[in-house]
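Q: Structure supplied as work.cif; contents: mmCIF, C-alpha atoms.
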data_input
loop_
_atom_site.label_atom_id
_atom_site.label_comp_id
_atom_site.auth_asym_id
_atom_site.auth_seq_id
_atom_site.Cartn_x
_atom_site.Cartn_y
_atom_site.Cartn_z
CA MET A 172 -112.01 -77.88 -158.57
CA SER A 173 -111.69 -80.52 -155.86
CA THR A 174 -114.49 -82.90 -154.98
CA PRO A 175 -117.34 -80.75 -153.57
CA TYR A 176 -117.37 -80.66 -149.80
CA THR A 177 -120.45 -80.06 -147.69
CA PRO A 178 -119.55 -79.06 -144.11
CA PRO A 179 -121.27 -81.16 -141.44
CA LYS A 180 -123.61 -79.51 -138.97
CA VAL A 181 -120.99 -79.95 -136.22
CA TRP A 182 -117.29 -80.13 -137.03
CA THR A 183 -115.23 -82.93 -135.46
CA TRP A 184 -111.48 -83.39 -135.60
CA ASP A 185 -110.08 -86.04 -137.92
CA LYS A 186 -106.33 -86.22 -137.34
CA ALA A 187 -105.91 -88.22 -140.54
CA SER A 188 -106.95 -85.16 -142.56
CA GLY A 189 -104.19 -82.99 -141.12
CA GLY A 190 -101.71 -83.56 -143.92
CA GLN A 191 -98.03 -82.76 -143.35
CA PHE A 192 -98.64 -81.13 -139.99
CA ALA A 193 -101.03 -83.69 -138.52
CA ASN A 194 -98.64 -84.52 -135.69
CA ILE A 195 -98.47 -80.97 -134.35
CA ASN A 196 -101.96 -79.62 -134.99
CA ARG A 197 -104.91 -80.20 -132.69
CA PRO A 198 -108.06 -78.26 -131.78
CA VAL A 199 -107.23 -77.86 -128.06
CA ALA A 200 -104.58 -75.99 -126.09
CA GLY A 201 -102.48 -76.97 -123.10
CA PRO A 202 -99.47 -79.25 -122.62
CA THR A 203 -99.26 -82.80 -123.88
CA HIS A 204 -96.35 -83.78 -121.61
CA GLU A 205 -94.23 -82.61 -118.71
CA ALA A 206 -90.98 -80.98 -119.81
CA ASP A 207 -89.09 -78.21 -118.03
CA LEU A 208 -87.45 -75.54 -120.14
CA PRO A 209 -83.67 -75.25 -119.93
CA ARG A 210 -82.19 -72.05 -118.55
CA GLY A 211 -78.79 -70.60 -119.34
CA ALA A 212 -76.62 -67.95 -117.73
CA HIS A 213 -77.92 -64.85 -119.49
CA PRO A 214 -80.75 -62.45 -118.53
CA PHE A 215 -82.76 -63.31 -121.63
CA GLN A 216 -83.87 -66.85 -122.37
CA LEU A 217 -85.29 -67.30 -125.87
CA TYR A 218 -87.11 -70.47 -126.93
CA SER A 219 -87.46 -70.45 -130.66
CA LEU A 220 -86.82 -71.87 -134.11
CA GLY A 221 -85.32 -70.22 -137.20
CA THR A 222 -88.62 -69.60 -138.96
CA PRO A 223 -89.52 -66.07 -140.07
CA ASN A 224 -91.18 -65.33 -136.73
CA GLY A 225 -88.21 -66.64 -134.81
CA VAL A 226 -85.64 -64.82 -136.94
CA LYS A 227 -87.26 -61.45 -136.17
CA VAL A 228 -86.21 -61.74 -132.55
CA THR A 229 -82.68 -63.09 -133.05
CA ILE A 230 -82.02 -60.28 -135.53
CA LEU A 231 -83.05 -57.73 -132.89
CA PHE A 232 -80.88 -59.35 -130.21
CA GLU A 233 -77.86 -59.30 -132.53
CA GLU A 234 -78.55 -55.68 -133.52
CA LEU A 235 -78.76 -54.67 -129.85
CA LEU A 236 -75.50 -56.44 -129.07
CA ALA A 237 -73.85 -54.76 -132.06
CA LEU A 238 -74.77 -51.39 -130.51
CA GLY A 239 -73.17 -52.40 -127.22
CA HIS A 240 -76.35 -53.02 -125.22
CA ALA A 241 -76.39 -55.58 -122.40
CA ALA A 242 -78.67 -57.88 -124.35
CA GLU A 243 -76.86 -61.19 -123.98
CA TYR A 244 -79.20 -64.10 -124.52
CA ASP A 245 -79.46 -67.85 -124.66
CA ALA A 246 -81.39 -69.15 -127.66
CA TRP A 247 -82.77 -72.64 -127.13
CA TYR A 248 -83.92 -74.75 -130.07
CA ILE A 249 -87.60 -75.70 -130.04
CA ASP A 250 -88.28 -78.61 -132.39
CA ILE A 251 -91.91 -78.04 -133.34
CA GLY A 252 -91.92 -81.17 -135.49
CA LYS A 253 -91.35 -83.21 -132.32
CA GLY A 254 -93.87 -81.22 -130.31
CA ASP A 255 -91.47 -79.38 -127.99
CA GLN A 256 -93.91 -76.47 -127.97
CA PHE A 257 -96.45 -78.62 -126.14
CA GLY A 258 -94.20 -79.34 -123.16
CA SER A 259 -95.44 -77.95 -119.84
CA GLY A 260 -92.53 -75.53 -119.54
CA PHE A 261 -93.10 -74.02 -122.96
CA VAL A 262 -96.84 -73.74 -122.41
CA GLY A 263 -95.99 -71.90 -119.21
CA VAL A 264 -94.20 -69.16 -121.14
CA ASN A 265 -96.61 -69.20 -124.08
CA PRO A 266 -100.06 -70.74 -123.56
CA ASN A 267 -100.57 -70.54 -127.33
CA SER A 268 -97.71 -73.02 -127.94
CA LYS A 269 -96.08 -71.01 -130.73
CA ILE A 270 -92.50 -69.84 -131.12
CA PRO A 271 -90.86 -67.52 -130.28
CA ALA A 272 -91.24 -67.15 -126.52
CA LEU A 273 -89.02 -65.30 -124.06
CA TRP A 274 -88.31 -65.24 -120.36
CA ASP A 275 -86.79 -61.92 -119.29
CA TYR A 276 -84.90 -62.33 -116.01
CA SER A 277 -83.21 -58.92 -116.15
CA GLY A 278 -85.52 -57.24 -113.61
CA ALA A 279 -86.73 -57.84 -110.09
CA GLN A 280 -89.39 -60.25 -111.34
CA PRO A 281 -89.25 -62.62 -114.31
CA VAL A 282 -91.38 -61.49 -117.23
CA ARG A 283 -92.78 -63.84 -119.84
CA VAL A 284 -93.17 -62.41 -123.32
CA PHE A 285 -94.84 -64.17 -126.23
CA GLU A 286 -95.89 -63.17 -129.74
CA SER A 287 -92.99 -61.92 -131.85
CA ALA A 288 -94.22 -58.32 -132.06
CA SER A 289 -94.60 -58.18 -128.30
CA ILE A 290 -91.03 -59.45 -127.86
CA LEU A 291 -89.72 -56.87 -130.35
CA MET A 292 -91.51 -54.04 -128.57
CA HIS A 293 -90.46 -55.28 -125.13
CA LEU A 294 -86.77 -55.36 -126.05
CA ALA A 295 -86.82 -52.14 -128.08
CA GLU A 296 -88.42 -50.24 -125.20
CA LYS A 297 -86.12 -51.81 -122.60
CA PHE A 298 -83.01 -50.70 -124.46
CA GLY A 299 -84.36 -47.56 -126.13
CA ALA A 300 -83.36 -48.69 -129.60
CA PHE A 301 -85.03 -49.24 -132.98
CA LEU A 302 -88.35 -47.77 -131.78
CA PRO A 303 -88.88 -44.02 -131.28
CA ALA A 304 -89.98 -43.15 -127.76
CA SER A 305 -92.99 -41.08 -128.80
CA GLY A 306 -94.69 -39.07 -131.50
CA PRO A 307 -95.57 -39.73 -135.14
CA ALA A 308 -92.32 -41.61 -135.82
CA ARG A 309 -93.19 -44.18 -133.14
CA THR A 310 -96.71 -44.55 -134.48
CA GLU A 311 -95.42 -45.17 -137.99
CA VAL A 312 -93.12 -47.95 -136.79
CA LEU A 313 -96.01 -49.55 -134.92
CA ASN A 314 -98.27 -49.17 -137.96
CA TRP A 315 -95.93 -51.37 -139.97
CA LEU A 316 -95.12 -53.76 -137.15
CA PHE A 317 -98.78 -54.59 -136.73
CA TRP A 318 -99.34 -54.57 -140.49
CA GLN A 319 -96.85 -57.40 -140.66
CA MET A 320 -98.49 -59.32 -137.83
CA GLY A 321 -101.89 -59.04 -139.47
CA SER A 322 -100.70 -59.69 -143.02
CA ALA A 323 -98.19 -62.53 -142.76
CA PRO A 324 -100.79 -65.21 -141.88
CA PHE A 325 -102.12 -64.76 -145.42
CA VAL A 326 -98.61 -65.47 -146.68
CA GLY A 327 -97.62 -68.36 -144.41
CA GLY A 328 -100.83 -69.98 -143.29
CA GLY A 329 -102.56 -69.10 -146.55
CA PHE A 330 -100.35 -68.98 -149.62
CA GLY A 331 -97.48 -71.05 -148.27
CA HIS A 332 -99.75 -73.72 -146.87
CA PHE A 333 -101.83 -74.28 -149.98
CA TYR A 334 -98.98 -73.77 -152.47
CA ALA A 335 -96.37 -75.92 -150.73
CA TYR A 336 -97.83 -78.06 -147.96
CA ALA A 337 -101.48 -78.98 -148.50
CA PRO A 338 -102.12 -82.65 -149.41
CA GLU A 339 -103.63 -81.54 -152.74
CA LYS A 340 -103.29 -78.47 -154.93
CA ILE A 341 -106.54 -76.53 -154.68
CA GLU A 342 -106.70 -73.95 -157.47
CA TYR A 343 -109.16 -71.65 -155.74
CA ALA A 344 -107.13 -71.51 -152.51
CA ILE A 345 -103.80 -70.93 -154.29
CA ASN A 346 -105.29 -68.22 -156.48
CA ARG A 347 -106.93 -66.52 -153.50
CA TYR A 348 -103.77 -66.36 -151.42
CA ALA A 349 -101.40 -65.65 -154.32
CA MET A 350 -103.53 -62.60 -155.12
CA GLU A 351 -103.32 -61.40 -151.52
CA THR A 352 -99.58 -62.06 -151.24
CA LYS A 353 -98.90 -60.06 -154.41
CA ARG A 354 -101.11 -57.24 -153.15
CA GLN A 355 -99.09 -57.09 -149.95
CA LEU A 356 -95.82 -57.03 -151.89
CA ASP A 357 -97.24 -54.17 -153.93
CA VAL A 358 -98.12 -52.29 -150.72
CA LEU A 359 -94.50 -52.58 -149.61
CA ASP A 360 -93.11 -51.75 -153.04
CA ARG A 361 -95.09 -48.52 -153.28
CA GLU A 362 -94.03 -47.40 -149.80
CA LEU A 363 -90.37 -48.31 -150.26
CA ALA A 364 -90.24 -46.28 -153.48
CA THR A 365 -90.19 -43.15 -151.32
CA ARG A 366 -88.13 -44.12 -148.26
CA PRO A 367 -85.09 -46.28 -147.43
CA PHE A 368 -86.82 -48.18 -144.62
CA ILE A 369 -90.44 -49.11 -144.21
CA ALA A 370 -91.23 -46.58 -141.49
CA GLY A 371 -89.07 -43.74 -142.82
CA ASP A 372 -85.41 -42.82 -142.78
CA ASP A 373 -84.45 -45.02 -139.84
CA TYR A 374 -84.07 -48.78 -139.55
CA SER A 375 -86.51 -50.12 -136.96
CA ILE A 376 -88.17 -53.18 -135.49
CA ALA A 377 -90.73 -52.87 -138.29
CA ASP A 378 -88.02 -53.71 -140.84
CA MET A 379 -86.83 -56.58 -138.64
CA ALA A 380 -90.38 -57.96 -138.51
CA ILE A 381 -91.10 -57.63 -142.22
CA TYR A 382 -87.77 -58.74 -143.68
CA PRO A 383 -87.86 -62.45 -142.65
CA TRP A 384 -91.22 -62.83 -144.40
CA TYR A 385 -91.21 -60.55 -147.42
CA GLY A 386 -87.48 -60.05 -147.85
CA ARG A 387 -87.00 -63.78 -147.86
CA MET A 388 -89.80 -64.11 -150.37
CA VAL A 389 -88.31 -61.73 -152.92
CA GLU A 390 -84.86 -63.24 -152.34
CA GLY A 391 -86.38 -66.50 -153.59
CA GLY A 392 -86.29 -68.45 -150.34
CA ALA A 393 -89.95 -68.78 -149.43
CA TYR A 394 -91.86 -71.85 -150.60
CA GLY A 395 -89.89 -71.97 -153.87
CA ALA A 396 -92.47 -69.54 -155.26
CA GLY A 397 -90.34 -66.67 -156.55
CA GLU A 398 -91.03 -67.32 -160.23
CA PHE A 399 -94.69 -68.11 -159.58
CA LEU A 400 -95.19 -64.74 -157.84
CA SER A 401 -92.95 -62.76 -160.25
CA VAL A 402 -91.02 -61.33 -157.31
CA GLN A 403 -88.57 -59.61 -159.66
CA ASP A 404 -91.29 -57.04 -160.35
CA TYR A 405 -91.05 -55.61 -156.82
CA THR A 406 -87.81 -53.72 -157.38
CA HIS A 407 -88.07 -51.44 -154.35
CA VAL A 408 -88.68 -54.40 -152.05
CA LEU A 409 -85.68 -56.14 -153.60
CA ASP A 410 -83.45 -53.10 -152.99
CA TRP A 411 -84.67 -52.79 -149.40
CA ALA A 412 -84.17 -56.51 -148.76
CA ALA A 413 -80.60 -56.30 -150.06
CA ARG A 414 -79.86 -53.41 -147.66
CA ILE A 415 -81.24 -55.37 -144.72
CA ALA A 416 -79.48 -58.60 -145.70
CA ALA A 417 -76.11 -56.82 -145.88
CA ARG A 418 -76.22 -55.90 -142.18
CA PRO A 419 -73.82 -58.11 -140.15
CA ALA A 420 -76.28 -58.41 -137.26
CA VAL A 421 -78.98 -59.62 -139.65
CA GLN A 422 -76.62 -62.22 -141.06
CA ARG A 423 -75.88 -63.42 -137.53
CA GLY A 424 -79.51 -63.43 -136.43
CA LYS A 425 -80.56 -65.51 -139.42
CA ARG A 426 -78.22 -68.30 -138.34
CA VAL A 427 -79.55 -68.69 -134.79
CA ASN A 428 -81.88 -71.66 -134.17
CA LYS A 429 -81.53 -72.57 -137.83
CA PRO A 430 -82.29 -76.29 -138.14
CA SER A 431 -79.81 -77.20 -140.87
CA GLY A 432 -77.18 -75.86 -143.25
CA ALA A 433 -73.46 -75.21 -143.09
CA ASP A 434 -73.97 -71.91 -141.25
CA ALA A 435 -76.66 -73.18 -138.87
CA VAL A 436 -76.33 -72.53 -135.13
CA ARG A 437 -79.06 -74.60 -133.49
CA GLU A 438 -78.46 -73.04 -130.07
CA ARG A 439 -76.76 -69.77 -129.22
CA HIS A 440 -75.30 -69.20 -125.78
CA SER A 441 -72.53 -66.70 -126.53
CA ALA A 442 -71.14 -64.69 -129.42
CA ARG A 443 -68.52 -67.41 -129.85
CA ASP A 444 -71.22 -69.77 -131.09
CA LEU A 445 -71.60 -67.55 -134.14
CA ASP A 446 -67.93 -66.71 -134.51
#
Just give me the structure of the file as structure tokens.
A:
Amino acid sequence: MSTPYTPPKVWTWDKASGGQFANINRPVAGPTHEADLPRGAHPFQLYSLGTPNGVKVTILFEELLALGHAAEYDAWYIDIGKGDQFGSGFVGVNPNSKIPALWDYSGAQPVRVFESASILMHLAEKFGAFLPASGPARTEVLNWLFWQMGSAPFVGGGFGHFYAYAPEKIEYAINRYAMETKRQLDVLDRELATRPFIAGDDYSIADMAIYPWYGRMVEGGAYGAGEFLSVQDYTHVLDWAARIAARPAVQRGKRVNKPSGADAVRERHSARDLD
């Protein structure tokens, strides 16, 4: 156990205790500097980064384009390590200062959309794709979409933070979040034993939301924790992840706003950027 800690009567912020993310974490909202967002030629302007939450949206855009929908988009790189998310323009599209964020200029009035699930729903409903219009099938997709939104913080902010990023390894915290991460993988594994996609027979925005988090984890790419979590045990999740990863639009979406690597495309303004 770490040195015992007794919380003070009133908490105060000590930036020095912020660890790896001290430069981008603070207990208040709002912009730190004036910075307009760039705008490209397309109806959809995405401001993002190739993290799991960002990849959800670029996968959907690439899937929509693959179906022939008029979903052309500009994807601008937001460097959260440098604090781009605290510029006045970004705060204007997302007051919570988190990626991804979207301006939709395709209608009579610009629409701001923030939170990845909200963006997925907005685009799926606009184009009538990857989300049933009504009935039990729609509800099942939304069940899993919001399951992901509620569950992933335990994986990223919980397990990933304490396993990979915290200034010290705290046994209790790692055990707590490893247990919850494995429980969530087991939830998925049991469901995917009976269906090809998480919400049933059809590929949907629920799969696009879940794959960048849990697919990446069982593929061995999240926090270097594959062996630690025994991800090979979740065979149905592995099979599902392989089916998703084989889709050309998924392969394209995973490259957009990627910060580094031979296949990285930091900004995407046309299909040629990926070709």
Q: Which residues, named as in the file, does the PyMOL selection byres ((chain A and resi 269) around 9) pick out? Answer as JSON, numbers by chain.
A: {"A": [219, 251, 256, 257, 261, 262, 265, 266, 267, 268, 270, 271, 272, 285, 286]}
Q: Skipping near chain neighbours, those fewer than 5 positions away, what residues fall within 6 Å of segment 305-319 of chain A using only C-alpha atoms, listed as a ChimeraX atom specification?
A: /A:370,377,381
Q: Of the residues A:Asp185, A:Asp404, A:Glu234, A:Asp378, which is the one nearest to Arg423 of chain A, using all atoms listed in the file?
A: A:Glu234
Q: Taking 5 positions as the minimum chain separation for residues in the same chain, which residues sit within 12 Å of Leu400 of chain A when counting only C-alpha atoms? Answer as a PDB file with C-alpha atoms, in the coordinates of the input.
A:
ATOM      1  CA  VAL A 326     -98.610 -65.470-146.680  1.00  0.00           C
ATOM      2  CA  PHE A 330    -100.350 -68.980-149.620  1.00  0.00           C
ATOM      3  CA  GLY A 331     -97.480 -71.050-148.270  1.00  0.00           C
ATOM      4  CA  TYR A 334     -98.980 -73.770-152.470  1.00  0.00           C
ATOM      5  CA  ILE A 345    -103.800 -70.930-154.290  1.00  0.00           C
ATOM      6  CA  ASN A 346    -105.290 -68.220-156.480  1.00  0.00           C
ATOM      7  CA  TYR A 348    -103.770 -66.360-151.420  1.00  0.00           C
ATOM      8  CA  ALA A 349    -101.400 -65.650-154.320  1.00  0.00           C
ATOM      9  CA  MET A 350    -103.530 -62.600-155.120  1.00  0.00           C
ATOM     10  CA  GLU A 351    -103.320 -61.400-151.520  1.00  0.00           C
ATOM     11  CA  THR A 352     -99.580 -62.060-151.240  1.00  0.00           C
ATOM     12  CA  LYS A 353     -98.900 -60.060-154.410  1.00  0.00           C
ATOM     13  CA  ARG A 354    -101.110 -57.240-153.150  1.00  0.00           C
ATOM     14  CA  GLN A 355     -99.090 -57.090-149.950  1.00  0.00           C
ATOM     15  CA  LEU A 356     -95.820 -57.030-151.890  1.00  0.00           C
ATOM     16  CA  ASP A 357     -97.240 -54.170-153.930  1.00  0.00           C
ATOM     17  CA  TYR A 385     -91.210 -60.550-147.420  1.00  0.00           C
ATOM     18  CA  MET A 388     -89.800 -64.110-150.370  1.00  0.00           C
ATOM     19  CA  VAL A 389     -88.310 -61.730-152.920  1.00  0.00           C
ATOM     20  CA  GLU A 390     -84.860 -63.240-152.340  1.00  0.00           C
ATOM     21  CA  GLY A 391     -86.380 -66.500-153.590  1.00  0.00           C
ATOM     22  CA  ALA A 393     -89.950 -68.780-149.430  1.00  0.00           C
ATOM     23  CA  TYR A 394     -91.860 -71.850-150.600  1.00  0.00           C
ATOM     24  CA  GLY A 395     -89.890 -71.970-153.870  1.00  0.00           C
ATOM     25  CA  TYR A 405     -91.050 -55.610-156.820  1.00  0.00           C
TER      26      TYR A 405
END
Q: Excluding Arg414 of chain A and residues on its chain fewer than 6 positions from it, collect all residues at most 10 Å away from it, counting all atoms listed in the file, and give them as a ChimeraX atom specification.
A: /A:367-368,408
Q: Using all atoms listed in the file, which residue out of A:Thr174, A:Asp434, A:Pro198, A:Leu238 lies closest to Gly299 of chain A?
A: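 Among the listed residues, A:Leu238 lies closest to Gly299 of chain A.
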Q: Since I can't run it myself right now, could you work out what the PyMOL selection byres ((chain A and resi 212) around 10) selects here and report it as a ChimeraX atom specification?
A: /A:210-211,213-216,243-245,440-441
Q: Would you output that residue set with C-alpha atoms, as a PDB file, in the frame of the given file?
A:
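File produced: out-v4.pdb:
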ATOM      1  CA  ARG A 210     -82.190 -72.050-118.550  1.00  0.00           C
ATOM      2  CA  GLY A 211     -78.790 -70.600-119.340  1.00  0.00           C
ATOM      3  CA  HIS A 213     -77.920 -64.850-119.490  1.00  0.00           C
ATOM      4  CA  PRO A 214     -80.750 -62.450-118.530  1.00  0.00           C
ATOM      5  CA  PHE A 215     -82.760 -63.310-121.630  1.00  0.00           C
ATOM      6  CA  GLN A 216     -83.870 -66.850-122.370  1.00  0.00           C
ATOM      7  CA  GLU A 243     -76.860 -61.190-123.980  1.00  0.00           C
ATOM      8  CA  TYR A 244     -79.200 -64.100-124.520  1.00  0.00           C
ATOM      9  CA  ASP A 245     -79.460 -67.850-124.660  1.00  0.00           C
ATOM     10  CA  HIS A 440     -75.300 -69.200-125.780  1.00  0.00           C
ATOM     11  CA  SER A 441     -72.530 -66.700-126.530  1.00  0.00           C
TER      12      SER A 441
END
Q: From the options A:Leu294, A:Val284, A:Leu235, A:Ala304, which residue's atoms come nearest to Gly424 of chain A, counting all atoms listed in the file?
A: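 Result for the nearest residue to Gly424 of chain A: A:Leu235.
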Q: Please, what distance in Å, to one decimal, runs between atom CA of Arg347 of chain A and atom CA of Thr177 of chain A?
A: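 Going from atom CA of Arg347 of chain A over to atom CA of Thr177 of chain A covers 20.0 Å.
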Q: How far is it from atom CA of Pro223 of chain A to atom CA of Leu291 of chain A, in Å with one decimal?
A: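 Calculated distance between atom CA of Pro223 of chain A and atom CA of Leu291 of chain A is 13.4 Å.
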Q: Rounded to one decimal place, report the atom CA of Leu236 of chain A-atom CA of Leu445 of chain A distance in Å.
A: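 Separation of atom CA of Leu236 of chain A and atom CA of Leu445 of chain A: 12.8 Å.
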Q: Taking only C-alpha atoms into account, name the residue in A:Phe298, A:Tyr374, A:Phe399, A:Tyr276 that is nearest to Ala335 of chain A.
A: A:Phe399
Q: Which polymer residues, whether protein, DNA or RNA, lie within 10 Å of the coordinate (-80.2, -74.0, -135.6) when you count all atoms listed in the file? List them as a list in words, using the chain letters and numbers from the file.
A: Ser219, Leu220, Gly221, Ala246, Trp247, Tyr248, Ile249, Asp250, Lys425, Arg426, Val427, Asn428, Lys429, Pro430, Ser431, Gly432, Asp434, Ala435, Val436, Arg437, Glu438 and Arg439 of chain A
Q: Dig up all the protein and nucleic acid residues within 6 Å of (-86.1, -48.0, -136.4) in the file frame, using all atoms listed in the file, and format them as an NGL selection string.
A: :A and (301-302 or 373-376)
Q: Would you compute an axis-aligned box for segment 289-305 of chain A, covering every atom listed for it in the file with 8 Å of margin on each side, and report centre and edge lengths in Å to one decimal as JSON?
A:
{"center_x": -88.8, "center_y": -50.3, "center_z": -127.8, "size_x": 27.6, "size_y": 34.4, "size_z": 26.4}
Q: Have a look at A:His407, A:Met379, A:Val228, A:His204 and name the one nearest to Arg361 of chain A; count only C-alpha atoms.
A: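 Residue with the minimum atom-to-atom distance to Arg361 of chain A: A:His407.
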Q: When distances are computed from only C-alpha atoms, which of A:Val282, A:Thr365, A:Gly254, A:Glu342 shows the smallest separation from Pro202 of chain A?
A: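 Among the listed residues, A:Gly254 lies closest to Pro202 of chain A.
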